[in-house]
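See below for the structure under consideration.
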Amino acid sequence: MGYLQPREGNAPYSRARRSRPLGDAERALLAEHVPAPDAGGRALEVGCGLGELALHLASAGYTVDAVDRSHSALEGARATQPTGVRRLRLDVERDDLALLDENTYDLITLRLAYAFLGDRTRVMHDLGLRLRENGAIVVITPLAANTPAENRDIALDEDEIGLLSAGWEQVRRFDADGLALVILRGPRLDKIAVAEKDKPAAHAVTGACAVVTDAHGRVLLGRSTGDMWELPGGRTEGSEPFEQTAVRELAEETGLVADPADAHLLSMLWDDNHGISRLTAAVRVTAHSGTLACREPDTFVRWEWHPPHTLAHLDRIFAPSAQALDAVWPGVLPGLPPVRAYPHAIAHPRVDGEPAQAVRLRHDMTARVLAGGWAPSEAVQEALRAVPRHRFTPESPLATAYDDDLAVITRRDDEGQATSSVSAAWLQADMIESLRLRPGTAVCEVGSGGYNAELLAHVVGPAGRVVSVDIDPYVVARARRFTAEAGSGRVTVLPGDGRLGAPGHVPGAGFDGCVVTHNCWDIAPAWREQLSEGRYLVLPLEIHGYTRAITLQKHGDVLHARGFTFCGFVRDLGDGSRTTPVADLRGGELRLRFEDGEPADVSGIEDALCGPRQELPTGVTVAPMESFETLQLYLATTLPGFCRLALDRTRDTRTVAVPRGANAPTVLGAGSLAHLTHVPVTDPGTSERGRSEFIAHAYGPDGARLAERLAAAVRSWDRHVRPRGYPELAVFPTGTPDRDLPTGHVLDKPNSRLVFTWGTETP
């Protein structure tokens, strides 16, 4: 097959569309196997030409979007504008598909059009995302076996139909008067299957793979005659460098030309194939020219460009190619077999390239962040518009990467818990704004990922720098790769325990800002010590289990809070993390969590929970979706005996009325317990209807007193704290005498003494 595209004046494409009017066999098969739903359905015709099939689908009960790249075809179709057909000029292979929403269509058709697609696998994946549940794609195509040689480019052979079918759960094929009519349902989203070839000859165990991307950031893979996807590459010849092998094989197999100076050895990969050691060089090619062609048809059927986030959905990838792809984009292919990797320390130039959709989504994301008020400064706004977030989450679809309210998980532990992520864009913007950075300054980031560091680098500008530290070697390697691929050159990623800051990289006067991107139970002394006087530390601090991103300004040895943001991050993986002491009740059905301090005596509470429950309304209500985040901190920092009551989410319990998925603020006494909950106001005669009221529930002999104390605290919050917001907070080094602390409520941690001043008396 050649690489013809359905362009203006493309003779084979025009000839194919004119040569076969829609036949009776096609009409009958469509009516039998993909009829319009009873309530009507939506259909998309790709490559509609003059619109004969679109008209037929509309008459069958579909509302049709008919798209074509050809302006002349759409102009010719304007003579007929039936109800139920919308005509759009759109190239599904090259244009942003924003007009075609996901999960929209019951039927998508490609009649006499599929053969002209270059990146067939990618296009079919993108179209599959636009199917509703149980929707179908129908491909109607001539067959090479009964097509004259001069028209071969308009037809598919059996291998090509096999490749078309590979990514789908259900495939049905019918004959339509010599045309193949293929019905595809259920796009496969399976994990990648790694494939091997036969036992290699001794001369073929050392080779190189070339990782090449196009102007849209898509990587080149060839479909081999062995029915697997492979990178350009092959064995070394004589004593040639691996970089030379990569560019030579690239030219021989694809016709693309690269200078060896633009080929960079990233890693040597050593594995075993049928008992023979195999050494593969992963080579990143950062620039190339030429026209893509299938130069070795005995080895490769075709070449296609693939977005990195779709690689895990391909049916089979040759093992060395899969490992080389993972060397460039760590994590893009989960579940690969183990391989020994020896990274090469040579950096390479930034590799640009992204689709138009990514640019649009990035600007849309930025607009939403701005609308939320999270990025008031021009510097942060420009950083959000400029830094390609999707290139730091290559395993994620573009829509996921640019969801401003979503943290993209990039690593999990063996139990499935998230250990690394790219945080929500609004939160990253807010924390960077809180640093109040100036151009040319130096910033320390604790907890790496790459994207946040590059946002910081964009804000501090060409004369600034960012030092990012992470304890996980995998995260460090990943962040280094992505900042090399898509970064500014101003980010240094270091392995190490973030509690120690960045020793050896601290400017003479200290860092101008420090941001921590994982939950912190305590404040490490190094973060304060390595910070310049008057500058800012921003960190997600846990206070009795409630996390707030707190902006702290340094004044000598004391840190003063300048702002709070409700948030949540992954937990600290270093020695600064803390395992929360818990006390199980009723066989684990309930659990008391002592997030700060030592566990209290819970004797007698089991018996109390079996007794009667006392309920004390507080008279304080909240509206739907209204935040009461300051109430959580107020109760946690002012009530003696505070802890949190949690339910086992896997079990249905009616012992206590705790909102599922939430931990209830709780106070303990001798054999007694009181916790807070909230219930809808149902009295039709009150203006509070539609709101929820806080209620104190109590158990045990001292329950009434505990409930009254809890309710009094809620009322105090409502009168004094709710109108003003968060408290004053000062953080002193551990060991500071009580006499040197200001008036307030003290929370002691191993490295710090936190003093909260709410401006109210203790309830």
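How things are named: the first chain in the structure tokens is A, the next is B, and so on; residues count from 1 in each chain; ligands count from 1 in the order shown.
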
If you run DSSP on this backbone, which residues of range 375-552 of chain A come out as alpha helix (DSSP H), and could you give them as a PyMOL selection string? chain A and resi 378-386+398-401+425-435+451-460+473-486+525-529

Selected residues written out with N, CA and C atoms, as a short mmCIF file (atom, residue, chain, number, x, y, z; two decimals), in the first residue's frame:
data_model
loop_
_atom_site.label_atom_id
_atom_site.label_comp_id
_atom_site.auth_asym_id
_atom_site.auth_seq_id
_atom_site.Cartn_x
_atom_site.Cartn_y
_atom_site.Cartn_z
N GLU A 378 -0.23 37.33 35.55
CA GLU A 378 0.03 37.05 34.14
C GLU A 378 1.08 35.97 33.98
N ALA A 379 2.06 35.93 34.90
CA ALA A 379 3.14 34.95 34.78
C ALA A 379 2.61 33.52 34.90
N VAL A 380 1.72 33.28 35.85
CA VAL A 380 1.16 31.94 36.03
C VAL A 380 0.20 31.61 34.89
N GLN A 381 -0.55 32.59 34.44
CA GLN A 381 -1.45 32.36 33.31
C GLN A 381 -0.67 31.94 32.08
N GLU A 382 0.42 32.63 31.79
CA GLU A 382 1.22 32.30 30.62
C GLU A 382 1.87 30.92 30.77
N ALA A 383 2.25 30.56 31.99
CA ALA A 383 2.83 29.23 32.22
C ALA A 383 1.81 28.14 31.91
N LEU A 384 0.58 28.33 32.35
CA LEU A 384 -0.47 27.35 32.08
C LEU A 384 -0.73 27.21 30.59
N ARG A 385 -0.66 28.32 29.86
CA ARG A 385 -0.91 28.27 28.42
C ARG A 385 0.27 27.66 27.66
N ALA A 386 1.46 27.77 28.22
CA ALA A 386 2.66 27.40 27.46
C ALA A 386 3.14 25.98 27.72
N LEU A 398 -5.74 13.06 26.07
CA LEU A 398 -5.60 14.51 26.17
C LEU A 398 -6.68 15.12 27.06
N ALA A 399 -7.91 14.65 26.93
CA ALA A 399 -8.99 15.21 27.73
C ALA A 399 -8.75 15.00 29.22
N THR A 400 -8.15 13.89 29.59
CA THR A 400 -7.81 13.63 30.99
C THR A 400 -6.68 14.53 31.45
N ALA A 401 -5.65 14.66 30.63
CA ALA A 401 -4.51 15.49 31.01
C ALA A 401 -4.93 16.93 31.25
N ALA A 425 -4.77 21.17 37.97
CA ALA A 425 -4.15 22.40 37.48
C ALA A 425 -4.52 23.60 38.34
N TRP A 426 -5.77 23.68 38.81
CA TRP A 426 -6.17 24.83 39.62
C TRP A 426 -5.36 24.89 40.91
N LEU A 427 -5.07 23.72 41.49
CA LEU A 427 -4.33 23.68 42.75
C LEU A 427 -2.86 24.03 42.51
N GLN A 428 -2.30 23.52 41.42
CA GLN A 428 -0.92 23.89 41.10
C GLN A 428 -0.80 25.39 40.89
N ALA A 429 -1.75 25.97 40.17
CA ALA A 429 -1.72 27.42 39.94
C ALA A 429 -1.82 28.18 41.27
N ASP A 430 -2.71 27.74 42.13
CA ASP A 430 -2.90 28.43 43.42
C ASP A 430 -1.63 28.37 44.27
N MET A 431 -0.99 27.21 44.32
CA MET A 431 0.21 27.08 45.15
C MET A 431 1.38 27.89 44.57
N ILE A 432 1.48 27.92 43.24
CA ILE A 432 2.55 28.72 42.64
C ILE A 432 2.30 30.21 42.87
N GLU A 433 1.05 30.63 42.74
CA GLU A 433 0.72 32.03 43.05
C GLU A 433 1.11 32.37 44.48
N SER A 434 0.90 31.42 45.40
CA SER A 434 1.17 31.68 46.81
C SER A 434 2.65 31.87 47.10
N LEU A 435 3.51 31.37 46.21
CA LEU A 435 4.96 31.53 46.39
C LEU A 435 5.42 32.96 46.11
N TYR A 451 5.84 18.33 35.47
CA TYR A 451 4.97 19.40 34.98
C TYR A 451 4.97 20.60 35.93
N ASN A 452 4.77 20.38 37.19
CA ASN A 452 4.74 21.49 38.15
C ASN A 452 6.07 22.22 38.16
N ALA A 453 7.19 21.46 38.07
CA ALA A 453 8.51 22.09 38.04
C ALA A 453 8.66 22.97 36.82
N GLU A 454 8.12 22.53 35.67
CA GLU A 454 8.23 23.35 34.46
C GLU A 454 7.32 24.58 34.54
N LEU A 455 6.17 24.48 35.20
CA LEU A 455 5.37 25.68 35.44
C LEU A 455 6.18 26.69 36.26
N LEU A 456 6.84 26.20 37.30
CA LEU A 456 7.69 27.08 38.12
C LEU A 456 8.80 27.69 37.29
N ALA A 457 9.43 26.86 36.44
CA ALA A 457 10.53 27.35 35.61
C ALA A 457 10.06 28.43 34.65
N HIS A 458 8.84 28.28 34.12
CA HIS A 458 8.31 29.30 33.22
C HIS A 458 8.08 30.60 33.97
N VAL A 459 7.61 30.52 35.22
CA VAL A 459 7.33 31.72 36.00
C VAL A 459 8.62 32.45 36.36
N VAL A 460 9.66 31.73 36.76
CA VAL A 460 10.91 32.40 37.18
C VAL A 460 11.74 32.84 35.98
N PRO A 473 13.09 6.50 42.95
CA PRO A 473 13.97 6.53 41.76
C PRO A 473 13.19 6.51 40.45
N TYR A 474 12.07 5.79 40.43
CA TYR A 474 11.26 5.75 39.21
C TYR A 474 10.71 7.13 38.88
N VAL A 475 10.19 7.83 39.88
CA VAL A 475 9.64 9.17 39.66
C VAL A 475 10.74 10.12 39.20
N VAL A 476 11.93 9.98 39.77
CA VAL A 476 13.06 10.83 39.36
C VAL A 476 13.40 10.58 37.90
N ALA A 477 13.51 9.30 37.52
CA ALA A 477 13.84 8.97 36.13
C ALA A 477 12.76 9.49 35.18
N ARG A 478 11.53 9.32 35.56
CA ARG A 478 10.41 9.78 34.72
C ARG A 478 10.43 11.30 34.57
N ALA A 479 10.62 12.02 35.68
CA ALA A 479 10.64 13.48 35.61
C ALA A 479 11.82 13.97 34.78
N ARG A 480 12.95 13.31 34.91
CA ARG A 480 14.11 13.71 34.09
C ARG A 480 13.82 13.52 32.60
N ARG A 481 13.20 12.40 32.26
CA ARG A 481 12.92 12.15 30.86
C ARG A 481 11.95 13.20 30.31
N PHE A 482 10.90 13.50 31.05
CA PHE A 482 9.88 14.39 30.52
C PHE A 482 10.37 15.84 30.48
N THR A 483 11.17 16.24 31.44
CA THR A 483 11.72 17.60 31.37
C THR A 483 12.74 17.71 30.25
N ALA A 484 13.41 16.62 29.90
CA ALA A 484 14.30 16.63 28.74
C ALA A 484 13.50 16.71 27.45
N GLU A 485 12.41 15.95 27.38
CA GLU A 485 11.59 15.91 26.17
C GLU A 485 10.85 17.23 25.92
N ALA A 486 10.30 17.82 26.96
CA ALA A 486 9.37 18.93 26.77
C ALA A 486 9.63 20.10 27.70
N PRO A 525 12.59 20.71 59.30
CA PRO A 525 13.39 21.91 59.57
C PRO A 525 14.14 22.42 58.35
N ALA A 526 14.59 21.50 57.46
CA ALA A 526 15.38 21.93 56.30
C ALA A 526 14.60 22.86 55.39
N TRP A 527 13.29 22.68 55.32
CA TRP A 527 12.49 23.53 54.43
C TRP A 527 12.54 24.99 54.90
N ARG A 528 12.53 25.18 56.20
CA ARG A 528 12.63 26.54 56.74
C ARG A 528 14.07 27.05 56.64
N GLU A 529 15.02 26.18 56.99
CA GLU A 529 16.42 26.60 57.04
C GLU A 529 16.96 26.96 55.66
#

So that I can check the surroundings of range 174-191 of chain A, please list as a PyMOL selection string every protein, DNA and RNA residue that reaches within 10 Å of it, counting only C-alpha atoms and ignoring chain neighbours fewer than 5 positions away. chain A and resi 20+23-30+33-34+107-112+124-125+127-129+131-143+145-147+155-156+161+164-169+310-316+333-336

Put those residues in a file: C-alpha atoms, as a compact mmCIF listing (two decimals), in the first residue's frame.
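Below is the file that was written, part.txt:
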# COMPACT_ATOMS: atom_id res chain seq x y z
CA ARG A 20 -19.53 2.33 -6.63
CA GLY A 23 -25.81 -0.96 -3.61
CA ASP A 24 -28.86 -2.95 -2.56
CA ALA A 25 -26.71 -5.50 -0.71
CA GLU A 26 -25.14 -2.74 1.39
CA ARG A 27 -28.53 -1.22 2.17
CA ALA A 28 -29.91 -4.60 3.23
CA LEU A 29 -26.93 -5.42 5.47
CA LEU A 30 -27.06 -2.00 7.13
CA HIS A 33 -27.29 -5.34 11.44
CA VAL A 34 -27.16 -1.63 12.37
CA LEU A 107 -23.14 4.28 14.15
CA ILE A 108 -19.99 5.46 12.38
CA THR A 109 -19.43 4.53 8.73
CA LEU A 110 -16.36 4.65 6.50
CA ARG A 111 -17.47 3.70 2.99
CA LEU A 112 -14.68 3.50 0.42
CA MET A 124 -10.03 4.12 14.46
CA HIS A 125 -9.12 4.51 18.13
CA LEU A 127 -13.52 7.20 16.30
CA GLY A 128 -14.12 4.37 18.75
CA LEU A 129 -14.12 6.89 21.61
CA LEU A 131 -19.28 5.52 19.97
CA ARG A 132 -22.07 5.14 22.46
CA GLU A 133 -22.34 1.89 24.38
CA ASN A 134 -23.18 -0.93 21.93
CA GLY A 135 -22.48 1.40 19.00
CA ALA A 136 -20.77 0.13 15.86
CA ILE A 137 -18.29 1.22 13.21
CA VAL A 138 -18.98 -0.08 9.71
CA VAL A 139 -16.13 -0.16 7.19
CA ILE A 140 -17.09 -0.85 3.56
CA THR A 141 -14.12 -1.46 1.28
CA PRO A 142 -13.05 -3.08 -1.97
CA LEU A 143 -10.84 -6.15 -1.67
CA ALA A 145 -8.13 -9.87 -4.51
CA ASN A 146 -10.78 -8.67 -6.94
CA THR A 147 -9.45 -5.17 -7.67
CA ALA A 155 -8.60 -1.68 -1.73
CA LEU A 156 -7.54 -3.73 1.31
CA ILE A 161 -8.46 -6.32 7.21
CA LEU A 164 -8.47 -3.38 11.14
CA SER A 165 -10.17 -6.11 13.20
CA ALA A 166 -7.43 -6.46 15.82
CA GLY A 167 -8.59 -3.68 18.12
CA TRP A 168 -12.23 -4.74 18.58
CA GLU A 169 -14.14 -7.16 20.79
CA THR A 310 -2.79 4.95 22.64
CA LEU A 311 0.25 2.66 22.73
CA ALA A 312 -1.12 0.57 25.58
CA HIS A 313 -4.15 -0.28 23.44
CA LEU A 314 -2.24 -1.75 20.51
CA ASP A 315 -2.62 -5.47 20.08
CA ARG A 316 1.05 -6.57 19.90
CA LEU A 333 3.26 0.78 28.65
CA PRO A 334 2.26 -0.76 32.00
CA GLY A 335 3.04 -4.36 32.87
CA LEU A 336 6.11 -4.87 30.69

From the options A:Gln244, A:Ser59, A:Ser421, A:Gln553, which residue's atoms come nearest to Pro35 in chain A, counting only C-alpha atoms? A:Ser59

Smallest atom-to-atom distance to Glu252 in chain A: which of A:Glu626, A:Asp271, A:Glu296, A:Asp352, using only C-alpha atoms?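 Of the candidates, the smallest distance to Glu252 in chain A is held by A:Glu296.
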
Counting only C-alpha atoms, the residue of A:Asp718, A:Asp413, A:Glu304, A:Glu32 that sits nearest Arg571 in chain A: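 Of the candidates, the smallest distance to Arg571 in chain A is held by A:Asp413.
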
Residue contacts of Pro680 in chain A (8 Å, only C-alpha atoms) excluding same-chain residues fewer than 3 positions away, as a list in words: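 Neighbouring residues, sequence-local ones excluded: Arg689, Gly690, Arg691, Ser692 and Glu693 of chain A.
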
Can you pull out every residue within 8 Å of His560 in chain A, counting only C-alpha atoms, but drop anything in the same chain fewer than 6 positions away, and send it as a PyMOL selection string? chain A and resi 552-554+728-731

Separation of CA of Thr565 in chain A from CA of Ser420 in chain A in Å: 20.2 Å
